$ cat work.txt   # compact mmCIF, C-alpha atoms (C1' of nucleotides)
# COMPACT_ATOMS: atom_id res chain seq x y z
CA MET H 190 65.83 -13.05 -76.94
CA GLY H 191 64.19 -10.15 -78.61
CA VAL H 192 61.28 -10.30 -81.01
CA SER H 193 60.78 -13.62 -82.78
CA LEU H 194 61.30 -13.84 -86.51
CA LYS H 195 57.69 -14.82 -86.92
CA CYS H 196 56.68 -11.63 -85.19
CA GLN H 197 59.01 -9.60 -87.35
CA TYR H 198 57.36 -11.15 -90.38
CA GLY H 199 53.99 -10.21 -88.94
CA LEU H 200 55.07 -6.64 -88.42
CA ARG H 201 56.44 -6.42 -91.90
CA ALA H 202 53.28 -7.86 -93.37
CA LEU H 203 51.12 -5.39 -91.50
CA TYR H 204 53.40 -2.58 -92.53
CA GLU H 205 53.02 -3.67 -96.12
CA LEU H 206 49.24 -3.69 -95.76
CA ALA H 207 49.42 -0.24 -94.21
CA ARG H 208 51.22 0.97 -97.29
CA HIS H 209 48.19 -0.09 -99.35
CA TRP H 210 45.67 1.17 -96.87
CA GLY H 211 44.20 3.91 -99.06
CA GLY H 212 41.02 2.86 -100.84
CA GLY H 213 40.65 -0.37 -98.91
CA GLN H 214 42.47 -2.26 -101.58
CA LEU H 215 43.10 -5.96 -101.08
CA VAL H 216 46.63 -7.30 -101.14
CA ARG H 217 47.40 -10.91 -101.98
CA ILE H 218 49.75 -13.11 -100.04
CA PRO H 219 52.31 -13.64 -102.81
CA SER H 220 52.52 -9.89 -103.23
CA ILE H 221 53.18 -9.28 -99.54
CA ALA H 222 55.58 -12.20 -99.35
CA GLU H 223 57.64 -10.90 -102.21
CA ALA H 224 57.66 -7.29 -101.12
CA GLN H 225 58.79 -8.13 -97.62
CA ALA H 226 60.83 -11.25 -98.28
CA ILE H 227 58.71 -13.57 -96.18
CA PRO H 228 58.26 -17.32 -96.87
CA GLU H 229 54.88 -17.49 -98.54
CA ARG H 230 53.30 -20.40 -96.75
CA PHE H 231 54.59 -19.20 -93.43
CA LEU H 232 53.13 -15.78 -94.06
CA GLU H 233 49.83 -17.47 -94.71
CA ASN H 234 49.86 -18.82 -91.15
CA ILE H 235 50.80 -15.50 -89.69
CA LEU H 236 48.14 -13.53 -91.53
CA ASN H 237 45.60 -16.09 -90.53
CA GLN H 238 46.56 -15.66 -86.94
CA LEU H 239 46.43 -11.89 -87.27
CA ARG H 240 42.97 -12.23 -88.73
CA GLY H 241 41.88 -14.03 -85.60
CA GLY H 242 43.25 -11.16 -83.58
CA GLY H 243 41.25 -8.59 -85.49
CA PHE H 244 44.25 -6.98 -87.13
CA VAL H 245 43.33 -7.82 -90.71
CA ASP H 246 40.30 -8.73 -92.75
CA SER H 247 40.38 -11.03 -95.74
CA ARG H 248 38.37 -12.04 -98.72
CA ARG H 249 38.62 -15.40 -100.39
CA GLY H 250 38.37 -16.34 -104.01
CA ARG H 251 39.42 -14.55 -107.12
CA GLY H 252 40.36 -10.96 -106.40
CA GLY H 253 40.67 -11.76 -102.71
CA GLY H 254 43.39 -10.80 -100.34
CA PHE H 255 44.06 -9.05 -97.08
CA VAL H 256 43.33 -5.58 -95.73
CA LEU H 257 44.11 -3.90 -92.47
CA ALA H 258 41.03 -4.15 -90.28
CA ARG H 259 41.76 -0.82 -88.64
CA PRO H 260 43.47 2.36 -89.77
CA PRO H 261 47.26 2.28 -89.46
CA ALA H 262 47.15 4.97 -86.81
CA ALA H 263 45.08 2.70 -84.58
CA ILE H 264 47.52 -0.21 -84.51
CA THR H 265 50.60 -0.11 -82.30
CA MET H 266 53.67 -2.30 -82.43
CA ALA H 267 53.03 -3.24 -78.82
CA GLU H 268 49.69 -4.81 -79.70
CA ILE H 269 51.14 -6.77 -82.55
CA ILE H 270 54.13 -8.09 -80.65
CA LYS H 271 52.01 -9.05 -77.68
CA PHE H 272 49.59 -10.84 -79.92
CA ILE H 273 52.12 -12.86 -81.86
CA ASP H 274 54.85 -13.49 -79.31
CA GLY H 275 52.55 -13.66 -76.32
CA GLN H 276 54.39 -10.94 -74.47
CA ILE H 277 56.84 -8.18 -75.16
CA TYR H 278 59.40 -9.20 -72.60
CA ASP H 279 59.19 -12.31 -70.55
CA VAL H 280 61.36 -12.38 -67.47
CA ASP H 281 59.39 -12.69 -64.36
CA CYS H 282 59.19 -14.66 -61.21
CA GLU H 283 55.68 -15.60 -62.15
CA GLY H 284 57.09 -17.94 -64.76
CA GLU H 285 56.59 -21.60 -65.51
CA HIS H 286 59.05 -22.59 -62.82
CA PRO H 287 57.25 -22.93 -59.51
CA ILE H 288 60.32 -21.90 -57.58
CA HIS H 289 60.28 -18.54 -59.31
CA LYS H 290 56.97 -17.45 -57.96
CA CYS H 291 58.56 -14.96 -55.62
CA ARG H 292 55.38 -13.00 -55.74
CA PHE H 293 54.33 -15.43 -53.04
CA ARG H 294 57.49 -15.07 -51.03
CA GLY H 295 56.58 -11.82 -49.43
CA GLY H 296 57.50 -9.62 -52.37
CA ASN H 297 61.14 -9.54 -51.40
CA CYS H 298 62.58 -10.52 -54.75
CA VAL H 299 65.52 -8.28 -55.59
CA PHE H 300 65.28 -8.81 -59.32
CA LEU H 301 61.54 -8.52 -59.79
CA PRO H 302 61.47 -4.71 -59.77
CA VAL H 303 64.25 -4.68 -62.33
CA TRP H 304 62.39 -7.00 -64.69
CA ARG H 305 59.32 -4.88 -64.25
CA GLU H 306 61.21 -1.73 -65.09
CA ALA H 307 62.74 -3.35 -68.16
CA ARG H 308 59.43 -4.64 -69.39
CA GLN H 309 57.74 -1.32 -68.84
CA CYS H 310 60.48 0.41 -70.72
CA LEU H 311 60.00 -1.75 -73.79
CA GLU H 312 56.24 -1.43 -73.59
CA ASN H 313 56.55 2.33 -73.65
CA VAL H 314 58.71 2.22 -76.73
CA TYR H 315 56.45 -0.12 -78.66
CA ALA H 316 53.17 1.37 -77.50
CA ALA H 317 54.26 4.72 -78.89
CA LYS H 318 54.80 3.38 -82.40
CA THR H 319 51.79 2.97 -84.65
CA LEU H 320 51.85 1.63 -88.17
CA GLN H 321 51.11 5.19 -89.27
CA ASP H 322 54.28 6.37 -87.53
CA LEU H 323 56.26 3.76 -89.42
CA LEU H 324 54.60 4.82 -92.62
CA ASP H 325 55.57 8.42 -91.99
CA ALA H 326 59.10 7.40 -91.12
CA GLY H 327 59.36 5.39 -94.30
CA ALA H 328 57.94 8.09 -96.52
CA GLY H 329 61.21 9.99 -96.56
CA GLY H 330 63.18 7.07 -97.95
CA SER H 331 63.77 6.70 -101.64
CA THR H 332 64.01 2.94 -102.00
CA PRO H 333 61.38 0.42 -100.92
CA ASP H 334 61.88 -0.96 -97.46
CA TYR H 335 62.59 -4.66 -97.51
CA CYS H 336 63.83 -4.84 -94.01
CA ILE H 337 62.28 -5.20 -90.64
CA MET I 230 62.23 -13.61 -75.31
CA GLY I 231 63.69 -12.02 -72.27
CA VAL I 232 66.63 -13.18 -70.22
CA SER I 233 67.43 -16.88 -70.46
CA LEU I 234 66.97 -19.08 -67.43
CA LYS I 235 70.65 -19.85 -67.45
CA CYS I 236 71.38 -16.16 -67.22
CA GLN I 237 68.92 -15.74 -64.40
CA TYR I 238 70.74 -18.52 -62.58
CA GLY I 239 73.99 -16.72 -63.21
CA LEU I 240 72.63 -13.49 -61.82
CA ARG I 241 71.27 -15.22 -58.77
CA ALA I 242 74.56 -16.98 -58.16
CA LEU I 243 76.50 -13.74 -58.40
CA TYR I 244 74.01 -12.06 -56.13
CA GLU I 245 74.51 -14.83 -53.62
CA LEU I 246 78.26 -14.38 -53.82
CA ALA I 247 77.80 -10.66 -53.35
CA ARG I 248 75.94 -11.36 -50.14
CA HIS I 249 79.06 -13.10 -48.83
CA TRP I 250 81.47 -10.55 -50.20
CA GLY I 251 82.69 -9.22 -46.86
CA GLY I 252 85.97 -10.83 -45.76
CA GLY I 253 86.58 -12.53 -49.08
CA GLN I 254 84.93 -15.67 -47.83
CA LEU I 255 84.61 -18.62 -50.22
CA VAL I 256 81.19 -20.05 -50.99
CA ARG I 257 80.72 -23.65 -52.16
CA ILE I 258 78.55 -24.66 -55.08
CA PRO I 259 76.03 -26.72 -53.09
CA SER I 260 75.54 -23.78 -50.80
CA ILE I 261 74.80 -21.37 -53.64
CA ALA I 262 72.65 -23.92 -55.41
CA GLU I 263 70.50 -24.46 -52.36
CA ALA I 264 70.21 -20.83 -51.39
CA GLN I 265 69.11 -19.78 -54.86
CA ALA I 266 67.31 -22.93 -55.98
CA ILE I 267 69.58 -23.67 -58.91
CA PRO I 268 70.31 -27.19 -60.25
CA GLU I 269 73.70 -27.96 -58.77
CA ARG I 270 75.52 -29.44 -61.74
CA PHE I 271 74.12 -26.79 -64.04
CA LEU I 272 75.32 -24.09 -61.70
CA GLU I 273 78.74 -25.68 -61.96
CA ASN I 274 78.82 -24.93 -65.67
CA ILE I 275 77.61 -21.41 -65.19
CA LEU I 276 80.12 -20.50 -62.51
CA ASN I 277 82.86 -21.96 -64.61
CA GLN I 278 81.82 -19.78 -67.49
CA LEU I 279 81.66 -16.74 -65.22
CA ARG I 280 85.14 -17.57 -64.03
CA GLY I 281 86.36 -17.36 -67.62
CA GLY I 282 84.73 -13.96 -67.90
CA GLY I 283 86.53 -12.63 -64.87
CA PHE I 284 83.42 -12.33 -62.72
CA VAL I 285 84.44 -14.84 -60.07
CA ASP I 286 87.56 -16.45 -58.68
CA SER I 287 87.71 -19.96 -57.30
CA ARG I 288 89.78 -22.26 -55.16
CA ARG I 289 89.76 -26.02 -55.37
CA GLY I 290 90.02 -28.63 -52.69
CA ARG I 291 88.88 -28.72 -49.11
CA GLY I 292 87.77 -25.30 -47.99
CA GLY I 293 87.51 -24.17 -51.58
CA GLY I 294 84.68 -22.36 -53.28
CA PHE I 295 83.87 -19.24 -55.23
CA VAL I 296 84.30 -15.53 -54.60
CA LEU I 297 83.36 -12.46 -56.55
CA ALA I 298 86.43 -11.30 -58.46
CA ARG I 299 85.42 -7.67 -58.14
CA PRO I 300 83.47 -5.67 -55.58
CA PRO I 301 79.70 -5.85 -56.02
CA ALA I 302 79.56 -2.17 -56.86
CA ALA I 303 81.77 -2.80 -59.88
CA ILE I 304 79.56 -5.42 -61.54
CA THR I 305 76.45 -4.41 -63.47
CA MET I 306 73.59 -6.58 -64.59
CA ALA I 307 74.25 -5.43 -68.14
CA GLU I 308 77.72 -6.96 -68.13
CA ILE I 309 76.47 -10.23 -66.75
CA ILE I 310 73.58 -10.57 -69.16
CA LYS I 311 75.71 -9.67 -72.15
CA PHE I 312 78.31 -12.19 -71.09
CA ILE I 313 75.96 -15.11 -70.57
CA ASP I 314 73.27 -14.49 -73.15
CA GLY I 315 75.52 -12.87 -75.72
CA GLN I 316 73.40 -9.75 -75.95
CA ILE I 317 70.76 -7.97 -73.96
CA TYR I 318 68.22 -7.66 -76.74
CA ASP I 319 68.63 -9.17 -80.13
CA VAL I 320 66.39 -7.76 -82.81
CA ASP I 321 68.26 -6.22 -85.60
CA CYS I 322 68.50 -6.16 -89.32
CA GLU I 323 72.10 -7.18 -89.00
CA GLY I 324 70.92 -10.67 -88.13
CA GLU I 325 71.71 -14.09 -89.46
CA HIS I 326 69.24 -13.68 -92.28
CA PRO I 327 70.92 -12.06 -95.26
CA ILE I 328 67.74 -10.38 -96.33
CA HIS I 329 67.62 -8.53 -93.04
CA LYS I 330 70.81 -6.65 -93.55
CA CYS I 331 69.00 -3.42 -94.17
CA ARG I 332 72.06 -1.61 -93.00
CA PHE I 333 73.16 -2.13 -96.59
CA ARG I 334 69.95 -0.95 -98.12
CA GLY I 335 70.61 2.71 -97.71
CA GLY I 336 69.55 2.89 -94.09
CA ASN I 337 65.89 3.14 -94.98
CA CYS I 338 64.65 0.42 -92.69
CA VAL I 339 61.58 1.61 -90.86
CA PHE I 340 61.98 -0.76 -87.96
CA LEU I 341 65.68 -0.46 -87.34
CA PRO I 342 65.46 2.77 -85.33
CA VAL I 343 62.77 1.23 -83.19
CA TRP I 344 64.86 -1.84 -82.38
CA ARG I 345 67.75 0.43 -81.58
CA GLU I 346 65.66 2.49 -79.23
CA ALA I 347 64.32 -0.60 -77.52
CA ARG I 348 67.75 -2.11 -77.07
CA GLN I 349 69.18 1.13 -75.76
CA CYS I 350 66.35 1.40 -73.31
CA LEU I 351 67.07 -2.02 -71.84
CA GLU I 352 70.78 -1.38 -71.74
CA ASN I 353 70.19 1.76 -69.72
CA VAL I 354 68.11 -0.12 -67.20
CA TYR I 355 70.57 -2.95 -66.73
CA ALA I 356 73.71 -0.83 -66.86
CA ALA I 357 72.38 1.20 -63.95
CA LYS I 358 71.99 -1.80 -61.67
CA THR I 359 75.08 -3.10 -59.90
CA LEU I 360 75.16 -6.08 -57.59
CA GLN I 361 75.62 -3.59 -54.77
CA ASP I 362 72.35 -1.93 -55.73
CA LEU I 363 70.61 -5.28 -55.55
CA LEU I 364 72.22 -5.93 -52.21
CA ASP I 365 70.94 -2.60 -50.91
CA ALA I 366 67.50 -3.28 -52.26
CA GLY I 367 67.45 -6.69 -50.61
CA ALA I 368 68.67 -5.46 -47.25
CA GLY I 369 65.23 -4.19 -46.29
CA GLY I 370 63.55 -7.56 -46.75
CA SER I 371 63.02 -9.87 -43.83
CA THR I 372 63.07 -13.28 -45.50
CA PRO I 373 65.86 -14.70 -47.65
CA ASP I 374 65.48 -14.06 -51.32
CA TYR I 375 65.07 -17.23 -53.31
CA CYS I 376 63.81 -15.61 -56.41
CA ILE I 377 65.33 -13.98 -59.40
C1' DT Y 87 27.09 -24.49 -113.54
C1' DA Y 88 31.58 -25.80 -114.09
C1' DG Y 89 36.14 -24.06 -113.68
C1' DT Y 90 39.64 -21.57 -111.57
C1' DA Y 91 41.96 -18.60 -108.51
C1' DC Y 92 42.42 -17.64 -104.34
C1' DT Y 93 42.16 -17.86 -99.07
C1' DC Y 94 41.56 -20.85 -94.99
C1' DC Y 95 42.52 -24.47 -91.68
C1' DT Y 96 45.04 -27.98 -89.19
C1' DA Y 97 48.62 -30.94 -88.67
C1' DT Y 98 53.25 -32.15 -88.95
C1' DC Y 99 58.13 -31.96 -89.61
C1' DG Y 100 63.00 -30.72 -88.99
C1' DT Y 101 66.37 -27.87 -86.96
C1' DT Y 102 68.29 -25.15 -83.52
C1' DT Y 103 68.65 -23.57 -78.98
C1' DT Y 104 68.41 -24.18 -74.30
C1' DA Y 105 68.50 -26.73 -70.06
C1' DA Y 106 70.32 -30.25 -67.62
C1' DT Y 107 73.04 -34.48 -66.72
C1' DT Y 108 76.99 -37.42 -66.55
C1' DG Y 109 81.55 -39.20 -65.66
C1' DA Y 110 85.53 -38.59 -64.79
C1' DA Y 111 90.12 -35.77 -63.68
C1' DA Y 112 92.90 -32.28 -61.25
C1' DA Y 113 94.00 -29.68 -57.12
C1' DA Y 114 94.44 -28.66 -52.40
C1' DA Y 115 94.03 -29.53 -47.70
C1' DA Y 116 93.84 -32.87 -43.81
C1' DT W 15 96.91 -41.11 -48.98
C1' DT W 16 92.25 -39.92 -48.38
C1' DT W 17 88.72 -36.59 -48.63
C1' DT W 18 86.75 -32.57 -50.35
C1' DT W 19 86.21 -29.56 -53.61
C1' DT W 20 86.45 -27.44 -58.27
C1' DT W 21 87.39 -28.32 -63.31
C1' DC W 22 86.68 -30.08 -67.92
C1' DA W 23 84.40 -32.19 -71.87
C1' DA W 24 80.85 -34.62 -73.77
C1' DT W 25 76.22 -36.14 -74.07
C1' DT W 26 71.35 -36.24 -73.52
C1' DA W 27 66.54 -34.25 -73.08
C1' DA W 28 63.23 -31.06 -73.86
C1' DA W 29 61.33 -27.16 -75.79
C1' DA W 30 60.87 -23.46 -79.05
C1' DC W 31 61.05 -21.95 -83.56
C1' DG W 32 60.77 -21.72 -88.41
C1' DA W 33 58.88 -23.74 -92.09
C1' DT W 34 56.12 -27.03 -94.94
C1' DA W 35 52.21 -29.79 -96.71
C1' DG W 36 47.68 -31.07 -98.26
C1' DG W 37 43.37 -30.37 -98.80
C1' DA W 38 38.91 -27.81 -97.84
C1' DG W 39 36.25 -23.82 -98.58
C1' DT W 40 34.75 -19.61 -101.04
C1' DA W 41 33.97 -16.35 -104.56
C1' DC W 42 34.37 -14.72 -109.02
C1' DT W 43 34.08 -15.67 -114.20
C1' DA W 44 32.73 -17.42 -118.40

$ encode --input "work.txt" --output "structure tokens"
Amino acid sequence: MGVSLKCQYGLRALYELARHWGGGQLVRIPSIAEAQAIPERFLENILNQLRGGGFVDSRRGRGGGFVLARPPAAITMAEIIKFIDGQIYDVDCEGEHPIHKCRFRGGNCVFLPVWREARQCLENVYAAKTLQDLLDAGAGGSTPDYCI
Amino acid sequence: MGVSLKCQYGLRALYELARHWGGGQLVRIPSIAEAQAIPERFLENILNQLRGGGFVDSRRGRGGGFVLARPPAAITMAEIIKFIDGQIYDVDCEGEHPIHKCRFRGGNCVFLPVWREARQCLENVYAAKTLQDLLDAGAGGSTPDYCI
DNA sequence: TAGTACTCCTATCGTTTTAATTGAAAAAAA
DNA sequence: TTTTTTTCAATTAAAACGATAGGAGTACTA
């Protein structure tokens, strides 16, 4: 009903990579998994998926690991959530259910504008938050951030 | 990831009842189900639940049916969604997963403020929309509104 | 060039949630 | 008493989600 746990894991993983962004240093899966409390094998899947989306690069073999493919300031939460969950907020008449396609009923749906407004609202929030912003927000804290 | 289908049905049903609000006239389940394209027996469950929440009143037997328990202007989408889905937007560190209780980690969670902002944003949107507002919005349309 | 430490890929599994169905039982009017 | 309607409780069906598993591939090291 909000952001899936998988997506939260993805965000946390990317945040962790952002923390090691300086110097292009590679971070290994077990390291990320431990730091952010993510099931290791599951994280593997997620990072793999993120790699396909151009969010991270990886190197195999000894000394391998993952790096952010772009600078933290160039990656927004909106992108990440859309990529992993498919969409930020999914309530629309253009859904799976044929009957809900009110787009084809003359545009008279009473709820459609509301869903649109809601979705837009969330998009604005998430589009305004880059990994760099999170990094800056976290810099003030004293203890490591194990939470999403 | 947004509003559950059940909840959308609930909203549509209440909207339909709002349309018949004048004169306190009772509306039968098959009538609502047909008008809003909702599975009849499923709608039964939903209306029953809404009855428990004080959203609708009902009368059994011949000539029975459902009525809105309060005027349309006194029912917001936020209330309805919270009642049926449990919450409007559920991404928080105070989740089921013990590790996510960052509330107890000194309040240093980087994501928590973002989730809060997102949730608040949605709440504002839905709290501002009463059934009466939807009614007004729908009044301009020419064809009946079968969509949520 | 063999070994080893890692990532990569794809498939599957189990649980939970959600959506929907079913079969009666109670109430109220005719 | 018969019909029409809601009410209640339980069950099934389907989908989404979270997680797991096994092996294949790649790069470094000695």

$ residues_around --input "work.txt" --residues "Y:DA91" --least-positions-apart "2" --cutoff "9 Å" --atoms "all atoms listed in the file" --output "tab-separated table (two decimals) with C-alpha atoms (C1' of nucleotides), in the frame of the given file"
chain	number	residue	atom	x	y	z
H	250	GLY	CA	38.37	-16.34	-104.01
H	251	ARG	CA	39.42	-14.55	-107.12
H	252	GLY	CA	40.36	-10.96	-106.40
W	42	DC	C1'	34.37	-14.72	-109.02

$ residues_around --input "work.txt" --residues "stretch 17-28 of chain W" --least-positions-apart "4" --cutoff "12 Å" --atoms "only C-alpha atoms (C1' of nucleotides)" --output "count of residues only"
37

$ interface_residues --input "work.txt" --of "chain W" --to "chain H" --cutoff "9 Å" --atoms "all atoms listed in the file" --output "list of chain:residue names"
W:DC31, W:DG32, W:DA33, W:DT34, W:DG39, W:DT40, W:DA41, W:DC42, W:DT43

$ interface_residues --input "work.txt" --of "chain Y" --to "chain H" --cutoff "10 Å" --atoms "only C-alpha atoms (C1' of nucleotides)" --output "PDB file with C-alpha atoms (C1' of nucleotides), in the coordinates of the input"
ATOM      1  C1'  DT Y  90      39.640 -21.570-111.570  1.00  0.00           C
ATOM      2  C1'  DA Y  91      41.960 -18.600-108.510  1.00  0.00           C
ATOM      3  C1'  DC Y  92      42.420 -17.640-104.340  1.00  0.00           C
ATOM      4  C1'  DT Y  93      42.160 -17.860 -99.070  1.00  0.00           C
ATOM      5  C1'  DC Y  94      41.560 -20.850 -94.990  1.00  0.00           C
ATOM      6  C1'  DC Y  95      42.520 -24.470 -91.680  1.00  0.00           C
TER       7       DC Y  95
END

$ atom_distance --input "work.txt" --atom1 "atom CA of I:Leu246" --atom2 "atom CA of I:Glu263"
12.8 Å

$ atom_distance --input "work.txt" --atom1 "atom CA of H:Gly242" --atom2 "atom CA of I:Trp344"
23.6 Å

$ atom_distance --input "work.txt" --atom1 "atom CA of I:Gln361" --atom2 "atom CA of H:Cys310"
22.4 Å

$ residues_near_point --input "work.txt" --point "(71.0, -1.6, -66.3)" --cutoff "9 Å" --atoms "only C-alpha atoms (C1' of nucleotides)" --output "list in words"
Val303 and Ala307 of chain H; Thr305, Met306, Ala307, Glu308, Cys350, Leu351, Glu352, Asn353, Val354, Tyr355, Ala356, Ala357, Lys358 and Thr359 of chain I

$ decode --input "work.txt" --residues "chain Y" --atoms "C-alpha atoms (C1' of nucleotides)" --output "short mmCIF file (atom, residue, chain, number, x, y, z; two decimals), in the first residue's frame"
data_model
loop_
_atom_site.label_atom_id
_atom_site.label_comp_id
_atom_site.auth_asym_id
_atom_site.auth_seq_id
_atom_site.Cartn_x
_atom_site.Cartn_y
_atom_site.Cartn_z
"C1'" DT Y 87 47.28 -22.52 -15.11
"C1'" DA Y 88 44.85 -23.98 -11.36
"C1'" DG Y 89 42.45 -22.25 -7.46
"C1'" DT Y 90 39.51 -19.24 -5.18
"C1'" DA Y 91 36.61 -15.45 -4.29
"C1'" DC Y 92 33.34 -13.16 -5.91
"C1'" DT Y 93 29.30 -11.63 -8.93
"C1'" DC Y 94 25.63 -13.09 -12.15
"C1'" DC Y 95 21.52 -15.42 -13.79
"C1'" DT Y 96 17.22 -17.93 -13.68
"C1'" DA Y 97 14.01 -20.59 -11.56
"C1'" DT Y 98 11.31 -21.87 -7.81
"C1'" DC Y 99 9.15 -21.96 -3.38
"C1'" DG Y 100 6.28 -20.63 0.58
"C1'" DT Y 101 3.57 -17.31 2.86
"C1'" DT Y 102 0.54 -13.62 3.16
"C1'" DT Y 103 -2.80 -10.63 1.39
"C1'" DT Y 104 -6.50 -9.65 -1.39
"C1'" DA Y 105 -10.57 -10.66 -4.03
"C1'" DA Y 106 -14.44 -13.18 -4.48
"C1'" DT Y 107 -17.81 -16.91 -3.51
"C1'" DT Y 108 -20.94 -19.66 -0.89
"C1'" DG Y 109 -24.67 -21.10 2.08
"C1'" DA Y 110 -27.41 -20.27 5.04
"C1'" DA Y 111 -30.09 -17.29 8.80
"C1'" DA Y 112 -32.61 -13.22 10.50
"C1'" DA Y 113 -35.76 -9.41 9.75
"C1'" DA Y 114 -39.44 -6.89 7.84
"C1'" DA Y 115 -43.13 -6.15 4.87
"C1'" DA Y 116 -46.97 -8.02 2.02
#
